[in-house]
file coords_19.tsv (TSV, C-alpha atoms and all ligand atoms)
chain	number	residue	atom	x	y	z
Q	1	MET	CA	-178.86	45.93	24.70
Q	2	THR	CA	-181.39	44.20	22.40
Q	3	VAL	CA	-184.56	46.16	21.64
Q	4	THR	CA	-187.59	43.90	21.85
Q	5	HIS	CA	-190.51	46.04	23.04
Q	6	ASP	CA	-192.17	49.00	21.34
Q	7	ILE	CA	-190.47	51.58	23.52
Q	8	GLY	CA	-189.81	55.22	22.75
Q	9	VAL	CA	-188.55	58.35	24.42
Q	10	ALA	CA	-190.46	61.64	24.28
Q	11	LEU	CA	-188.65	64.78	25.38
Q	12	ALA	CA	-188.49	68.50	24.87
Q	13	VAL	CA	-185.21	70.36	25.25
Q	14	SER	CA	-184.43	74.04	24.85
Q	15	GLU	CA	-182.00	75.20	22.15
Q	16	SER	CA	-179.42	75.65	24.93
Q	17	GLY	CA	-179.92	72.06	26.18
Q	18	ILE	CA	-182.23	72.66	29.17
Q	19	VAL	CA	-184.74	69.94	30.04
Q	20	GLY	CA	-186.05	71.15	33.41
Q	21	PHE	CA	-185.20	73.11	36.53
Q	22	ASN	CA	-184.67	72.55	40.26
Q	23	ARG	CA	-186.55	74.72	42.74
Q	24	ALA	CA	-185.10	75.87	46.04
Q	25	ASP	CA	-187.46	73.51	47.94
Q	26	GLY	CA	-186.10	70.42	46.12
Q	27	THR	CA	-189.02	70.02	43.70
Q	28	THR	CA	-188.55	70.21	39.95
Q	29	GLY	CA	-190.40	71.67	36.99
Q	30	ILE	CA	-190.30	72.54	33.29
Q	31	PRO	CA	-189.32	76.17	32.58
Q	32	TRP	CA	-191.67	76.81	29.65
Q	33	SER	CA	-195.27	76.34	28.59
Q	34	VAL	CA	-195.70	75.38	24.94
Q	35	PRO	CA	-199.24	74.07	24.28
Q	36	GLU	CA	-198.35	72.75	20.81
Q	37	ASP	CA	-195.78	70.38	22.30
Q	38	MET	CA	-198.09	69.40	25.17
Q	39	ILE	CA	-200.82	68.32	22.72
Q	40	TRP	CA	-198.33	66.20	20.76
Q	41	PHE	CA	-196.83	64.76	23.96
Q	42	ARG	CA	-200.23	63.73	25.34
Q	43	GLY	CA	-200.94	61.93	22.08
Q	44	LEU	CA	-197.78	59.86	22.59
Q	45	CYS	CA	-198.86	58.91	26.14
Q	46	LEU	CA	-202.40	57.91	25.16
Q	47	ARG	CA	-202.96	54.19	25.91
Q	48	ARG	CA	-199.22	53.57	26.28
Q	49	ASN	CA	-197.36	52.48	29.41
Q	50	VAL	CA	-195.70	55.65	30.61
Q	51	ILE	CA	-192.27	55.35	32.27
Q	52	MET	CA	-191.16	58.23	34.46
Q	53	GLY	CA	-188.48	58.89	37.03
Q	54	GLY	CA	-189.31	59.46	40.68
Q	55	LYS	CA	-188.73	63.21	40.48
Q	56	THR	CA	-190.91	63.68	37.41
Q	57	LEU	CA	-193.62	61.44	38.87
Q	58	ARG	CA	-193.84	63.54	42.04
Q	59	GLU	CA	-194.22	66.60	39.80
Q	60	CYS	CA	-196.86	65.11	37.48
Q	61	LEU	CA	-199.05	63.14	39.93
Q	62	PRO	CA	-202.00	65.63	39.91
Q	63	PHE	CA	-202.50	65.53	36.16
Q	64	LEU	CA	-201.23	62.10	35.03
Q	65	LYS	CA	-204.78	60.76	34.71
Q	66	PHE	CA	-205.52	63.39	32.04
Q	67	TRP	CA	-202.88	61.82	29.77
Q	68	TYR	CA	-205.02	58.62	29.64
Q	69	PRO	CA	-202.06	56.23	29.79
Q	70	GLU	CA	-202.47	52.45	29.83
Q	71	ALA	CA	-200.40	52.41	33.03
Q	72	VAL	CA	-197.72	54.42	34.80
Q	73	TYR	CA	-194.38	52.83	35.68
Q	74	ALA	CA	-192.12	54.61	38.14
Q	75	TYR	CA	-188.35	54.41	37.90
Q	76	THR	CA	-187.74	54.92	41.61
Q	77	ARG	CA	-186.04	53.41	44.65
Q	78	ALA	CA	-188.58	55.08	46.94
Q	79	PHE	CA	-192.14	54.39	45.76
Q	80	ASP	CA	-194.49	56.12	48.19
Q	81	PRO	CA	-197.89	54.42	48.82
Q	82	ASP	CA	-199.35	57.92	49.25
Q	83	TRP	CA	-198.88	58.40	45.50
Q	84	VAL	CA	-201.46	55.70	44.65
Q	85	PRO	CA	-204.68	57.63	45.44
Q	86	LYS	CA	-203.29	60.59	43.50
Q	87	LEU	CA	-202.94	58.41	40.40
Q	88	GLY	CA	-206.73	58.53	39.99
Q	89	GLY	CA	-207.19	54.78	39.39
Q	90	ILE	CA	-204.45	54.40	36.76
Q	91	ASP	CA	-202.64	51.04	36.88
Q	92	TRP	CA	-199.09	51.46	38.12
Q	93	GLY	CA	-195.87	49.59	38.73
Q	94	ILE	CA	-192.16	49.94	39.35
Q	95	ILE	CA	-189.79	49.64	36.40
Q	96	THR	CA	-186.11	49.22	35.65
Q	97	PRO	CA	-184.49	48.19	32.36
Q	98	GLN	CA	-184.16	44.67	33.80
Q	99	ARG	CA	-187.84	44.48	34.84
Q	100	LEU	CA	-188.92	45.76	31.43
Q	101	LYS	CA	-187.54	42.60	29.83
Q	102	HIS	CA	-190.14	40.55	31.75
Q	103	HIS	CA	-193.10	42.44	30.25
Q	104	PRO	CA	-194.97	40.88	27.29
Q	105	GLU	CA	-193.43	42.07	24.03
Q	106	ASP	CA	-196.71	43.46	22.70
Q	107	GLU	CA	-196.84	46.13	25.42
Q	108	LYS	CA	-196.09	49.69	24.28
Q	109	PHE	CA	-193.95	52.02	26.41
Q	110	VAL	CA	-193.05	55.68	26.27
Q	111	VAL	CA	-190.33	57.15	28.50
Q	112	VAL	CA	-191.33	60.67	29.51
Q	113	GLY	CA	-188.39	61.79	31.65
Q	114	GLY	CA	-186.68	63.26	33.36
Q	115	ALA	CA	-183.05	63.43	32.39
Q	116	ASP	CA	-181.76	60.48	34.46
Q	117	THR	CA	-184.63	58.31	33.27
Q	118	TYR	CA	-184.06	59.16	29.60
Q	119	ARG	CA	-180.38	58.25	29.98
Q	120	THR	CA	-181.28	54.93	31.61
Q	121	PHE	CA	-183.89	53.76	29.09
Q	122	LEU	CA	-182.62	55.36	25.84
Q	123	PRO	CA	-180.51	52.31	24.90
Q	124	LEU	CA	-183.76	50.28	24.82
Q	125	ALA	CA	-185.73	52.73	22.68
Q	126	SER	CA	-186.73	51.98	19.10
Q	127	TRP	CA	-188.27	55.42	18.46
Q	128	ALA	CA	-187.75	58.97	19.69
Q	129	SER	CA	-189.70	62.21	19.73
Q	130	LEU	CA	-187.55	65.29	20.25
Q	131	THR	CA	-189.00	68.79	20.58
Q	132	THR	CA	-186.74	71.81	20.37
Q	133	ILE	CA	-187.99	74.74	22.45
Q	134	PRO	CA	-186.73	78.22	21.52
Q	135	ASP	CA	-184.66	79.79	24.31
Q	136	SER	CA	-187.03	82.77	24.10
Q	137	GLU	CA	-189.69	80.54	25.76
Q	138	LEU	CA	-187.53	79.89	28.86
Q	139	ALA	CA	-188.89	81.26	32.13
Q	140	THR	CA	-186.51	83.35	34.21
Q	141	LEU	CA	-185.34	81.49	37.31
Q	142	ALA	CA	-185.82	82.78	40.84
Q	143	ASP	CA	-183.13	82.80	43.53
Q	144	GLY	CA	-182.09	79.26	44.49
Q	145	GLU	CA	-183.33	77.71	41.24
Q	146	SER	CA	-181.09	76.02	38.65
Q	147	TYR	CA	-181.53	74.55	35.19
Q	148	ILE	CA	-181.15	70.82	34.47
Q	149	TYR	CA	-179.24	70.18	31.22
Q	150	ALA	CA	-179.57	67.26	28.81
Q	151	LYS	CA	-177.45	68.16	25.77
Q	152	ASP	CA	-175.87	64.71	25.86
Q	153	ILE	CA	-179.29	63.09	25.39
Q	154	VAL	CA	-180.06	65.31	22.38
Q	155	GLU	CA	-176.69	64.41	20.84
Q	156	THR	CA	-177.30	60.69	21.34
Q	157	ILE	CA	-180.78	60.86	19.83
Q	158	GLU	CA	-179.59	62.89	16.83
Q	159	LYS	CA	-176.77	60.39	16.27
Q	160	GLU	CA	-178.69	57.15	16.75
Q	161	PHE	CA	-182.15	57.98	15.33
Q	162	THR	CA	-183.39	59.20	11.95
Q	163	LEU	CA	-185.57	62.19	12.81
Q	164	LYS	CA	-188.06	63.97	10.57
Q	165	LYS	CA	-190.07	67.09	11.34
Q	166	VAL	CA	-193.62	66.50	12.54
Q	167	VAL	CA	-196.10	68.66	10.65
Q	168	THR	CA	-198.75	70.13	12.96
Q	169	GLN	CA	-201.67	72.45	12.40
Q	170	GLN	CA	-200.68	74.61	15.37
Q	171	THR	CA	-198.60	77.75	15.58
Q	172	LYS	CA	-194.91	76.98	15.20
Q	173	THR	CA	-193.61	77.77	18.69
Q	174	CYS	CA	-191.33	74.76	18.66
Q	175	VAL	CA	-189.90	72.17	16.29
Q	176	ILE	CA	-191.02	68.59	16.86
Q	177	ARG	CA	-189.00	65.79	15.28
Q	178	TYR	CA	-189.86	62.11	15.43
Q	179	GLY	CA	-188.07	59.03	14.12
Q	180	THR	CA	-186.90	55.48	14.57
Q	181	ARG	CA	-183.55	54.03	15.54
Q	182	LYS	CA	-181.05	53.69	12.71
Q	183	THR	CA	-180.34	50.11	11.80
Q	184	THR	CA	-176.69	49.10	11.87
M	1	LIG	N1	-188.44	68.53	28.99
M	1	LIG	C1	-189.01	67.34	29.10
M	1	LIG	O1	-189.44	66.75	28.09
M	1	LIG	C2	-189.13	66.73	30.45
M	1	LIG	C3	-189.90	65.58	30.66
M	1	LIG	C4	-189.97	65.06	31.94
M	1	LIG	C5	-189.30	65.67	32.98
M	1	LIG	N2	-188.58	66.78	32.75
M	1	LIG	C6	-187.85	67.46	33.80
M	1	LIG	O2	-186.74	66.67	34.20
M	1	LIG	C7	-186.39	67.04	35.53
M	1	LIG	C8	-186.21	65.81	36.38
M	1	LIG	O3	-185.19	65.02	35.83
M	1	LIG	P1	-184.17	64.24	36.78
M	1	LIG	O4	-183.15	63.62	35.91
M	1	LIG	O5	-183.71	65.17	37.85
M	1	LIG	O6	-185.10	63.17	37.52
M	1	LIG	P2	-186.03	61.96	36.99
M	1	LIG	O7	-185.37	61.26	35.84
M	1	LIG	O8	-187.42	62.43	36.83
M	1	LIG	O9	-186.02	61.03	38.25
M	1	LIG	C9	-184.79	60.53	38.72
M	1	LIG	C10	-185.12	59.44	39.72
M	1	LIG	O10	-184.84	58.15	39.17
M	1	LIG	C11	-184.75	57.24	40.24
M	1	LIG	N3	-183.57	56.42	40.07
M	1	LIG	C12	-182.32	56.81	39.79
M	1	LIG	N4	-181.50	55.75	39.73
M	1	LIG	C13	-182.28	54.65	39.96
M	1	LIG	C14	-182.02	53.26	40.01
M	1	LIG	N5	-180.80	52.75	39.82
M	1	LIG	N6	-183.06	52.42	40.26
M	1	LIG	C15	-184.30	52.92	40.46
M	1	LIG	N7	-184.60	54.24	40.40
M	1	LIG	C16	-183.58	55.08	40.17
M	1	LIG	C17	-184.66	58.07	41.52
M	1	LIG	O11	-185.99	58.13	42.05
M	1	LIG	P3	-186.30	58.23	43.62
M	1	LIG	O12	-185.60	59.48	44.05
M	1	LIG	O13	-187.79	58.32	43.69
M	1	LIG	O14	-185.75	56.97	44.23
M	1	LIG	C18	-184.30	59.45	40.98
M	1	LIG	O15	-184.67	60.50	41.84
M	1	LIG	C19	-187.52	67.93	36.05
M	1	LIG	O16	-187.13	69.27	35.97
M	1	LIG	C20	-188.64	67.66	35.07
M	1	LIG	O17	-189.52	68.77	34.95
M	1	LIG	C21	-188.49	67.32	31.51
call {"tool": "encode", "arguments": {"input": "coords_19.tsv", "output": "structure tokens"}}
result
Amino acid sequence: MTVTHDIGVALAVSESGIVGFNRADGTTGIPWSVPEDMIWFRGLCLRRNVIMGGKTLRECLPFLKFWYPEAVYAYTRAFDPDWVPKLGGIDWGIITPQRLKHHPEDEKFVVVGGADTYRTFLPLASWASLTTIPDSELATLADGESYIYAKDIVETIEKEFTLKKVVTQQTKTCVIRYGTRKTT
């Protein structure tokens, strides 16, 4: 697929390949809290069009406005009008790889998960930000909860992008790497 827009993926994955977890009630979450990565991540969302899958959107609705995105685009087959007031006035839309091609080429996008959404949009990405979270930061799961794995996405990013460590002023709880797609 030809890359035309400024589109990147931003994800954090544990050393063991975990990207999130399922709760017993069907909702999802991230099984760690690493402020250093969150600060970096919010910087990537600032004034960009944020693309997120339906599951991640449901999870992030209460605090999306604090990321100050240009707009939020949902990768979903079930957009719920009840989500709109919770977006706090942020512009929104529905997105698919096909719809993305109809956006002006000067628009900037960042894909912020989850796993299915990264897999869908990664072929279109020209840059990637990959944070490695130590397994020691993983929260213990309760009964009925299960991890969501994304080792395949990490492998694809490491193969197709040239990544360099991001130097931050924070404590080194995680390793953040950022880079652009290798040219063939
Ligand atoms: N570690 C990180 O950096 C990071 C970042 C973000 C999220 N996460 C985690 O990732 C997990 C969620 O990932 P996930 O893979 O389960 O879900 P997801 O990527 O957030 O959302 C998947 C959704 O994509 C929509 N979809 C799938 N196929 C589609 C199609 N052909 N056309 C339109 N929409 C389609 C569906 O939405 P509908 O069901 O609404 O139709 C589906 O539920 C959570 O645990 C979350 O916390 C981690």
call {"tool": "residues_near_point", "arguments": {"input": "coords_19.tsv", "point": "(-193.9, 66.5, 24.9)", "cutoff": "7 Å", "atoms": "all atoms listed in the file", "output": "count of residues only"}}
result
9
call {"tool": "residues_around", "arguments": {"input": "coords_19.tsv", "residues": "Q:Pro62", "least_positions_apart": "6", "cutoff": "12 Å", "atoms": "only C-alpha atoms", "output": "VMD selection string"}}
result
chain Q and resid 56 83 to 88 90
call {"tool": "closest_residue", "arguments": {"input": "coords_19.tsv", "among": "Q:Leu46, Q:Cys60, Q:Ile153, Q:Ala128", "to": "Q:Thr28", "atoms": "all atoms listed in the file"}}
result
Q:Cys60
call {"tool": "residues_near_point", "arguments": {"input": "coords_19.tsv", "point": "(-183.9, 57.7, 35.1)", "cutoff": "12 Å", "atoms": "only C-alpha atoms", "output": "PyMOL selection string"}}
result
chain Q and resi 9+51-57+73-77+95-97+111-122
call {"tool": "closest_residue", "arguments": {"input": "coords_19.tsv", "among": "Q:Asp25, Q:Glu36, Q:Asp82, Q:Glu160", "to": "Q:Glu145", "atoms": "only C-alpha atoms"}}
result
Q:Asp25
call {"tool": "atom_distance", "arguments": {"input": "coords_19.tsv", "atom1": "atom O9 of ligand LIG 1 (chain M)", "atom2": "atom CA of Q:Arg58"}}
result
9.0 Å
call {"tool": "atom_distance", "arguments": {"input": "coords_19.tsv", "atom1": "atom CA of Q:Thr27", "atom2": "atom CA of Q:Glu155"}}
result
26.6 Å
call {"tool": "closest_residue", "arguments": {"input": "coords_19.tsv", "among": "Q:Ser126, Q:Thr173, Q:Ser146, Q:Gln98", "to": "Q:Ala24", "atoms": "all atoms listed in the file"}}
result
Q:Ser146
call {"tool": "residues_around", "arguments": {"input": "coords_19.tsv", "residues": "Q:Ser14", "least_positions_apart": "3", "cutoff": "9 Å", "atoms": "all atoms listed in the file", "output": "PyMOL selection string"}}
result
chain Q and resi 17-19+131-135+137-138
call {"tool": "closest_residue", "arguments": {"input": "coords_19.tsv", "among": "Q:Phe79, Q:Trp127, Q:Phe63, Q:Trp92", "to": "ligand LIG 1 (chain M)", "atoms": "all atoms listed in the file"}}
result
Q:Phe79
call {"tool": "atom_distance", "arguments": {"input": "coords_19.tsv", "atom1": "atom CA of Q:Val110", "atom2": "atom CA of Q:Gly26"}}
result
25.7 Å
call {"tool": "closest_residue", "arguments": {"input": "coords_19.tsv", "among": "Q:Arg23, Q:Lys172, Q:Arg47, Q:His102", "to": "ligand LIG 1 (chain M)", "atoms": "all atoms listed in the file"}}
result
Q:Arg23
call {"tool": "residues_around", "arguments": {"input": "coords_19.tsv", "residues": "Q:Asp106", "least_positions_apart": "3", "cutoff": "10 Å", "atoms": "only C-alpha atoms", "output": "count of residues only"}}
result
5
call {"tool": "closest_residue", "arguments": {"input": "coords_19.tsv", "among": "Q:Ala150, Q:Cys174, Q:Leu141, Q:Leu163", "to": "ligand LIG 1 (chain M)", "atoms": "all atoms listed in the file"}}
result
Q:Ala150
